[in-house]
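Data block below; observations after.
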Amino acid sequence: MTELSTLSPAERHRAAAATFAGVAGAITDWDAQTPVPEWKARDVVGHLVAWLPGFLGANGVELPGAPSDAAEPAAAFGQLSEAVQALLDAPDAARVLTTQMFGEKPLDALIDQFYTADVFMHTWDLARSNGITPDLDPAFARALHGGLASMGPMLQESGQFGAPIPVPDGTDEVTALMAFIGRDPSFGK
């Protein structure tokens with residue numbers, strides 16, 4: 001397994017999206033419940049398809065080729081991944097955007113920090129909806145966990161994550177991350 005933390009934003013997206021696509025290709029029940037109480041498996045893809053194009057568009061970046069919906073979830077994710085990868089592979093991928101929420105930040109860093117990390121975490125959600133154990137990079141999970149933990153109470157106040165679920169010492173990095181963001185570690189086992 002490639003350690004995601006060692007990759008560039010474009011390479012990291014390519015790897016994380018490939019893992020998610022592999023899980024999406026193995027989903028047999030798109031109406032199965034996920035660890036996120038409000039979402040079925042198809043809603044995980046719907047979330048990704050909806051938020052990134054909207055966020056980028058609000059900040060003056062068009063995402064050509066992005067799907068308009070997730071009616072066919074696996075295909076929609078593939079289409080979204082191609083559109084995002086094209087942005088990340090473009091010569092101007094590091095152009096600086098001025099965002100209302102995050103100030104000035106390079107486009108590739110914004111996508112990496114928020115979208116690619118989201119794809120990584122939601123791979124677990126999608127996989128567990130169908131009883132699949134995804135092959136996720138533990139070092140990257142540890143890095144995400146540390147970054148999210150550094151946000152303190154603001155993380156839960158954002159409403160984007162559930163309350164942390166305690167896990168015993170020695171819990172693997174991926175499970176610890178998922179529990180920290182409010183996912184039941186035993187979901188779908």
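Order determines the names: the first chain of the structure tokens is A, the second B, and so forth; residues in each chain are numbered 1 upward, and ligands are numbered 1 upward as they are shown.
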Quiz prompt | Selection near Gln79 of chain A, 10 Å with only C-alpha atoms, sequence-local residues under 6 positions removed, as a ChimeraX atom specification | solution = /A:49,65-68,70,73,85
Find the residues near Ala179 of chain A: any atom within 6 Å, counting only C-alpha atoms, skip ones fewer than 4 places away on the same chain, and give them as a PDB file with all heavy atoms, in the first residue's frame.
ATOM      1  N   PRO A 164     -17.495  11.815  19.171  1.00  0.00           N
ATOM      2  CA  PRO A 164     -16.517  10.719  19.205  1.00  0.00           C
ATOM      3  C   PRO A 164     -17.041   9.522  20.007  1.00  0.00           C
ATOM      4  O   PRO A 164     -17.733   9.688  21.006  1.00  0.00           O
ATOM      5  CB  PRO A 164     -15.307  11.338  19.897  1.00  0.00           C
ATOM      6  CG  PRO A 164     -15.453  12.810  19.722  1.00  0.00           C
ATOM      7  CD  PRO A 164     -16.936  13.064  19.699  1.00  0.00           C
ATOM      8  N   ILE A 165     -16.691   8.356  19.531  1.00  0.00           N
ATOM      9  CA  ILE A 165     -17.034   7.110  20.215  1.00  0.00           C
ATOM     10  C   ILE A 165     -15.736   6.565  20.809  1.00  0.00           C
ATOM     11  O   ILE A 165     -14.752   6.384  20.080  1.00  0.00           O
ATOM     12  CB  ILE A 165     -17.663   6.101  19.230  1.00  0.00           C
ATOM     13  CG1 ILE A 165     -18.988   6.665  18.697  1.00  0.00           C
ATOM     14  CG2 ILE A 165     -17.848   4.742  19.886  1.00  0.00           C
ATOM     15  CD1 ILE A 165     -19.615   5.858  17.597  1.00  0.00           C
ATOM     16  N   ARG A 183     -18.347   7.490  13.998  1.00  0.00           N
ATOM     17  CA  ARG A 183     -18.809   6.247  13.371  1.00  0.00           C
ATOM     18  C   ARG A 183     -18.669   5.097  14.363  1.00  0.00           C
ATOM     19  O   ARG A 183     -17.647   4.976  15.024  1.00  0.00           O
ATOM     20  CB  ARG A 183     -17.987   5.899  12.134  1.00  0.00           C
ATOM     21  CG  ARG A 183     -17.958   6.807  10.932  1.00  0.00           C
ATOM     22  CD  ARG A 183     -19.067   7.760  10.714  1.00  0.00           C
ATOM     23  NE  ARG A 183     -18.949   8.362   9.388  1.00  0.00           N
ATOM     24  CZ  ARG A 183     -18.936   9.660   9.151  1.00  0.00           C
ATOM     25  NH1 ARG A 183     -19.052  10.523  10.146  1.00  0.00           N
ATOM     26  NH2 ARG A 183     -18.847  10.105   7.918  1.00  0.00           N
ATOM     27  N   ASP A 184     -19.663   4.249  14.402  1.00  0.00           N
ATOM     28  CA  ASP A 184     -19.617   3.062  15.250  1.00  0.00           C
ATOM     29  C   ASP A 184     -18.613   2.093  14.635  1.00  0.00           C
ATOM     30  O   ASP A 184     -18.838   1.592  13.520  1.00  0.00           O
ATOM     31  CB  ASP A 184     -21.005   2.426  15.321  1.00  0.00           C
ATOM     32  CG  ASP A 184     -21.055   1.134  16.104  1.00  0.00           C
ATOM     33  OD1 ASP A 184     -19.994   0.633  16.549  1.00  0.00           O
ATOM     34  OD2 ASP A 184     -22.173   0.606  16.271  1.00  0.00           O
ATOM     35  N   PRO A 185     -17.515   1.793  15.323  1.00  0.00           N
ATOM     36  CA  PRO A 185     -16.486   0.914  14.753  1.00  0.00           C
ATOM     37  C   PRO A 185     -16.981  -0.474  14.391  1.00  0.00           C
ATOM     38  O   PRO A 185     -16.416  -1.121  13.513  1.00  0.00           O
ATOM     39  CB  PRO A 185     -15.436   0.830  15.860  1.00  0.00           C
ATOM     40  CG  PRO A 185     -15.659   2.016  16.716  1.00  0.00           C
ATOM     41  CD  PRO A 185     -17.143   2.314  16.632  1.00  0.00           C
TER      42      PRO A 185
END
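Of the residues in segment 5-111 of chain A, those that DSSP places in strand (DSSP E or B) on the basis of the backbone are A:Gln33, A:Lys40, A:Val96, A:Leu97, A:Thr98, A:Thr99, A:Gly103, A:Glu104, A:Lys105, A:Pro106.
When only C-alpha atoms are used to measure the gap to Asp172 of chain A, the shortest distance among A:Pro106, A:Gly188, A:Pro91, A:Pro138 belongs to A:Pro138.
The smallest atom-to-atom distance between Val96 of chain A and any of A:Asn59, A:Thr2, A:Asn130, A:Arg142, using only C-alpha atoms, is found for A:Asn59.
The nearest approach to Leu88 of chain A among the residues A:Ala139, A:Ala74, A:Met154, A:Ile111, with only C-alpha atoms taken into account, belongs to A:Ile111.
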Exercise. Kindly give the distance, in Å, that separates atom CA of Val84 of chain A and atom CA of His13 of chain A, rounded to a single decimal.
Key: 8.3 Å
Exercise. Identify all residues of segment 47-148 of chain A in helix (DSSP H, G or I) (DSSP on the backbone) and supply them as a ChimeraX atom specification.
Key: /A:47-58,73-89,107-129,138-148
Hey, what's within 9 Å of Ala109 of chain A if we count only C-alpha atoms and toss same-chain stuff fewer than 5 positions away? As a compact mmCIF listing (two decimals) with C-alpha atoms, in the first residue's frame, please?
# COMPACT_ATOMS: atom_id res chain seq x y z
CA PRO A 9 -2.20 16.41 -3.87
CA ALA A 93 -3.59 23.50 -10.12
CA ALA A 94 -1.69 25.45 -7.47
CA PHE A 114 -11.13 18.95 2.25
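Contact shell of Val61 of chain A at 12 Å (only C-alpha atoms; same-chain neighbours under 2 positions omitted): A:Leu52, A:Pro53, A:Gly54, A:Phe55, A:Leu56, A:Gly57, A:Ala58, A:Asn59, A:Leu63, A:Pro64, A:Ala83, A:Val84, A:Leu87, A:Asp92, A:Ala93, A:Arg95, A:Val96, A:Leu97, A:Thr98, A:Thr99, A:Pro106, A:Leu107, A:Asp108, A:Leu110, A:Ile111.
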Practice problem: Find the residues near segment 22-24 of chain A: any atom within 10 Å, counting only C-alpha atoms, skip ones fewer than 5 places away on the same chain, and give them as a ChimeraX atom specification. | Solution: /A:16-17,30,41-42,45,73-75,77-78,123-124,126-128,130,132-135
Could you take the residues named above and write them with all heavy atoms, as a compact mmCIF listing (two decimals), in the first residue's frame?
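As a result, again18.txt now contains:
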# COMPACT_ATOMS: atom_id res chain seq x y z
N ALA A 16 -6.63 7.84 -3.51
CA ALA A 16 -7.83 7.77 -2.67
C ALA A 16 -9.07 7.51 -3.52
O ALA A 16 -9.95 6.72 -3.13
CB ALA A 16 -7.98 9.05 -1.86
N ALA A 17 -9.15 8.18 -4.66
CA ALA A 17 -10.31 7.98 -5.55
C ALA A 17 -10.34 6.56 -6.10
O ALA A 17 -11.42 5.97 -6.24
CB ALA A 17 -10.29 9.01 -6.67
N TRP A 30 -27.09 -0.47 -3.05
CA TRP A 30 -26.93 0.98 -2.94
C TRP A 30 -27.95 1.60 -1.98
O TRP A 30 -27.86 2.77 -1.65
CB TRP A 30 -27.00 1.64 -4.32
CG TRP A 30 -25.73 1.44 -5.07
CD1 TRP A 30 -25.50 0.54 -6.07
CD2 TRP A 30 -24.50 2.14 -4.87
NE1 TRP A 30 -24.19 0.63 -6.50
CE2 TRP A 30 -23.55 1.61 -5.78
CE3 TRP A 30 -24.08 3.15 -4.01
CZ2 TRP A 30 -22.24 2.08 -5.86
CZ3 TRP A 30 -22.78 3.61 -4.08
CH2 TRP A 30 -21.88 3.07 -5.00
N ALA A 41 -26.15 3.97 1.15
CA ALA A 41 -24.89 3.91 0.39
C ALA A 41 -24.87 4.94 -0.74
O ALA A 41 -23.87 5.65 -0.93
CB ALA A 41 -24.68 2.50 -0.16
N ARG A 42 -25.96 5.06 -1.48
CA ARG A 42 -25.99 6.00 -2.61
C ARG A 42 -25.83 7.45 -2.16
O ARG A 42 -25.33 8.28 -2.88
CB ARG A 42 -27.25 5.82 -3.45
CG ARG A 42 -28.55 6.26 -2.83
CD ARG A 42 -29.77 6.07 -3.74
NE ARG A 42 -29.97 4.70 -4.15
CZ ARG A 42 -29.63 4.21 -5.37
NH1 ARG A 42 -29.14 4.99 -6.29
NH2 ARG A 42 -29.83 2.94 -5.65
N VAL A 45 -22.18 8.86 -2.15
CA VAL A 45 -21.75 9.41 -3.44
C VAL A 45 -22.49 10.71 -3.72
O VAL A 45 -21.89 11.68 -4.19
CB VAL A 45 -21.97 8.39 -4.59
CG1 VAL A 45 -21.59 9.00 -5.93
CG2 VAL A 45 -21.16 7.12 -4.33
N PRO A 73 -24.63 5.68 -8.90
CA PRO A 73 -23.56 6.11 -8.00
C PRO A 73 -22.13 5.79 -8.43
O PRO A 73 -21.27 6.66 -8.40
CB PRO A 73 -23.91 5.43 -6.68
CG PRO A 73 -25.38 5.19 -6.76
CD PRO A 73 -25.66 4.93 -8.20
N ALA A 74 -21.85 4.57 -8.82
CA ALA A 74 -20.47 4.21 -9.18
C ALA A 74 -20.02 5.02 -10.40
O ALA A 74 -18.90 5.54 -10.42
CB ALA A 74 -20.35 2.72 -9.44
N ALA A 75 -20.88 5.14 -11.38
CA ALA A 75 -20.53 5.92 -12.59
C ALA A 75 -20.38 7.40 -12.24
O ALA A 75 -19.47 8.07 -12.75
CB ALA A 75 -21.59 5.72 -13.66
N PHE A 77 -19.45 8.70 -9.39
CA PHE A 77 -18.19 8.92 -8.71
C PHE A 77 -17.03 8.88 -9.70
O PHE A 77 -16.10 9.71 -9.62
CB PHE A 77 -17.95 7.93 -7.57
CG PHE A 77 -16.66 8.24 -6.87
CD1 PHE A 77 -16.58 9.30 -5.99
CD2 PHE A 77 -15.51 7.51 -7.14
CE1 PHE A 77 -15.37 9.65 -5.39
CE2 PHE A 77 -14.31 7.84 -6.54
CZ PHE A 77 -14.23 8.91 -5.67
N GLY A 78 -17.06 7.96 -10.64
CA GLY A 78 -16.00 7.90 -11.65
C GLY A 78 -15.92 9.19 -12.45
O GLY A 78 -14.82 9.71 -12.71
N THR A 123 -14.89 6.47 2.14
CA THR A 123 -14.64 5.12 1.62
C THR A 123 -15.04 4.10 2.68
O THR A 123 -15.66 3.08 2.38
CB THR A 123 -13.17 4.94 1.22
OG1 THR A 123 -12.83 5.90 0.21
CG2 THR A 123 -12.90 3.54 0.70
N TRP A 124 -14.71 4.40 3.92
CA TRP A 124 -15.07 3.50 5.02
C TRP A 124 -16.58 3.41 5.16
O TRP A 124 -17.14 2.32 5.30
CB TRP A 124 -14.41 3.99 6.32
CG TRP A 124 -14.47 3.00 7.44
CD1 TRP A 124 -13.56 2.00 7.70
CD2 TRP A 124 -15.45 2.91 8.47
NE1 TRP A 124 -13.94 1.31 8.83
CE2 TRP A 124 -15.10 1.85 9.32
CE3 TRP A 124 -16.62 3.63 8.75
CZ2 TRP A 124 -15.85 1.47 10.43
CZ3 TRP A 124 -17.37 3.26 9.86
CH2 TRP A 124 -16.99 2.20 10.68
N LEU A 126 -18.92 3.94 2.91
CA LEU A 126 -19.51 3.20 1.79
C LEU A 126 -19.21 1.70 1.93
O LEU A 126 -20.11 0.87 1.78
CB LEU A 126 -18.97 3.73 0.46
CG LEU A 126 -19.54 3.09 -0.79
CD1 LEU A 126 -21.05 3.31 -0.87
CD2 LEU A 126 -18.85 3.64 -2.04
N ALA A 127 -17.99 1.37 2.25
CA ALA A 127 -17.62 -0.04 2.38
C ALA A 127 -18.42 -0.73 3.47
O ALA A 127 -18.99 -1.80 3.25
CB ALA A 127 -16.12 -0.14 2.67
N ARG A 128 -18.49 -0.12 4.63
CA ARG A 128 -19.17 -0.75 5.76
C ARG A 128 -20.67 -0.91 5.50
O ARG A 128 -21.30 -1.80 6.07
CB ARG A 128 -18.93 0.03 7.06
CG ARG A 128 -17.46 0.13 7.49
CD ARG A 128 -16.67 -1.17 7.48
NE ARG A 128 -17.27 -2.18 8.32
CZ ARG A 128 -17.22 -3.48 8.08
NH1 ARG A 128 -16.58 -3.95 7.04
NH2 ARG A 128 -17.81 -4.32 8.89
N ASN A 130 -21.98 -2.22 3.06
CA ASN A 130 -22.15 -3.52 2.42
C ASN A 130 -21.25 -4.58 3.04
O ASN A 130 -20.95 -5.60 2.41
CB ASN A 130 -21.89 -3.40 0.92
CG ASN A 130 -23.09 -2.94 0.13
OD1 ASN A 130 -23.58 -3.60 -0.77
ND2 ASN A 130 -23.61 -1.76 0.46
N ILE A 132 -18.07 -4.54 3.73
CA ILE A 132 -16.73 -4.61 3.15
C ILE A 132 -15.76 -3.92 4.10
O ILE A 132 -16.08 -2.89 4.68
CB ILE A 132 -16.70 -3.91 1.77
CG1 ILE A 132 -17.66 -4.60 0.80
CG2 ILE A 132 -15.29 -3.84 1.20
CD1 ILE A 132 -17.95 -3.79 -0.46
N THR A 133 -14.57 -4.48 4.24
CA THR A 133 -13.51 -3.83 5.01
C THR A 133 -12.54 -3.23 3.99
O THR A 133 -11.84 -3.96 3.30
CB THR A 133 -12.77 -4.82 5.92
OG1 THR A 133 -13.73 -5.39 6.83
CG2 THR A 133 -11.67 -4.13 6.70
N PRO A 134 -12.52 -1.89 3.88
CA PRO A 134 -11.67 -1.26 2.86
C PRO A 134 -10.20 -1.26 3.27
O PRO A 134 -9.87 -1.28 4.46
CB PRO A 134 -12.21 0.17 2.79
CG PRO A 134 -12.70 0.43 4.18
CD PRO A 134 -13.26 -0.90 4.66
N ASP A 135 -9.33 -1.24 2.29
CA ASP A 135 -7.89 -1.19 2.51
C ASP A 135 -7.47 0.28 2.54
O ASP A 135 -7.16 0.86 1.50
CB ASP A 135 -7.17 -1.95 1.39
CG ASP A 135 -5.68 -2.06 1.62
OD1 ASP A 135 -5.23 -1.91 2.78
OD2 ASP A 135 -4.95 -2.30 0.64
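Atom CA of Asp43 of chain A to atom CA of His145 of chain A spans 23.5 Å [interatomic distance, one decimal].
The smallest atom-to-atom distance between Ala32 of chain A and any of A:Ser129, A:Ile181, A:Pro168, A:Gly147, using only C-alpha atoms, is found for A:Ser129.
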Quiz item: What is the distance between atom CA of Thr28 of chain A and atom CA of Leu4 of chain A, in Å to one decimal?
Solution: 27.6 Å
Exercise. Can you pull out every residue within 9 Å of Gly182 of chain A, counting only C-alpha atoms, but drop anything in the same chain fewer than 6 positions away, and send it as an NGL selection string?
Key: :A and (35-36 or 161-165)
Selected residues, N, CA, C and O atoms, written as a PDB file, in the first residue's frame, please.
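Heads up, here's the output in part04.pdb:
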ATOM      1  N   PRO A  35     -22.877   3.908   8.130  1.00  0.00           N
ATOM      2  CA  PRO A  35     -22.647   4.330   9.513  1.00  0.00           C
ATOM      3  C   PRO A  35     -23.139   5.749   9.804  1.00  0.00           C
ATOM      4  O   PRO A  35     -23.253   6.131  10.963  1.00  0.00           O
ATOM      5  N   VAL A  36     -23.438   6.517   8.776  1.00  0.00           N
ATOM      6  CA  VAL A  36     -24.021   7.850   8.949  1.00  0.00           C
ATOM      7  C   VAL A  36     -25.533   7.656   8.954  1.00  0.00           C
ATOM      8  O   VAL A  36     -26.109   7.269   7.932  1.00  0.00           O
ATOM      9  N   PHE A 161     -19.669  16.266  11.858  1.00  0.00           N
ATOM     10  CA  PHE A 161     -19.193  15.005  12.404  1.00  0.00           C
ATOM     11  C   PHE A 161     -20.014  14.660  13.638  1.00  0.00           C
ATOM     12  O   PHE A 161     -20.499  15.540  14.344  1.00  0.00           O
ATOM     13  N   GLY A 162     -20.121  13.375  13.910  1.00  0.00           N
ATOM     14  CA  GLY A 162     -20.811  12.946  15.109  1.00  0.00           C
ATOM     15  C   GLY A 162     -19.898  13.047  16.320  1.00  0.00           C
ATOM     16  O   GLY A 162     -18.704  13.332  16.201  1.00  0.00           O
ATOM     17  N   ALA A 163     -20.462  12.782  17.478  1.00  0.00           N
ATOM     18  CA  ALA A 163     -19.678  12.782  18.713  1.00  0.00           C
ATOM     19  C   ALA A 163     -18.706  11.609  18.691  1.00  0.00           C
ATOM     20  O   ALA A 163     -19.050  10.512  18.223  1.00  0.00           O
ATOM     21  N   PRO A 164     -17.495  11.815  19.171  1.00  0.00           N
ATOM     22  CA  PRO A 164     -16.517  10.719  19.205  1.00  0.00           C
ATOM     23  C   PRO A 164     -17.041   9.522  20.007  1.00  0.00           C
ATOM     24  O   PRO A 164     -17.733   9.688  21.006  1.00  0.00           O
ATOM     25  N   ILE A 165     -16.691   8.356  19.531  1.00  0.00           N
ATOM     26  CA  ILE A 165     -17.034   7.110  20.215  1.00  0.00           C
ATOM     27  C   ILE A 165     -15.736   6.565  20.809  1.00  0.00           C
ATOM     28  O   ILE A 165     -14.752   6.384  20.080  1.00  0.00           O
TER      29      ILE A 165
END
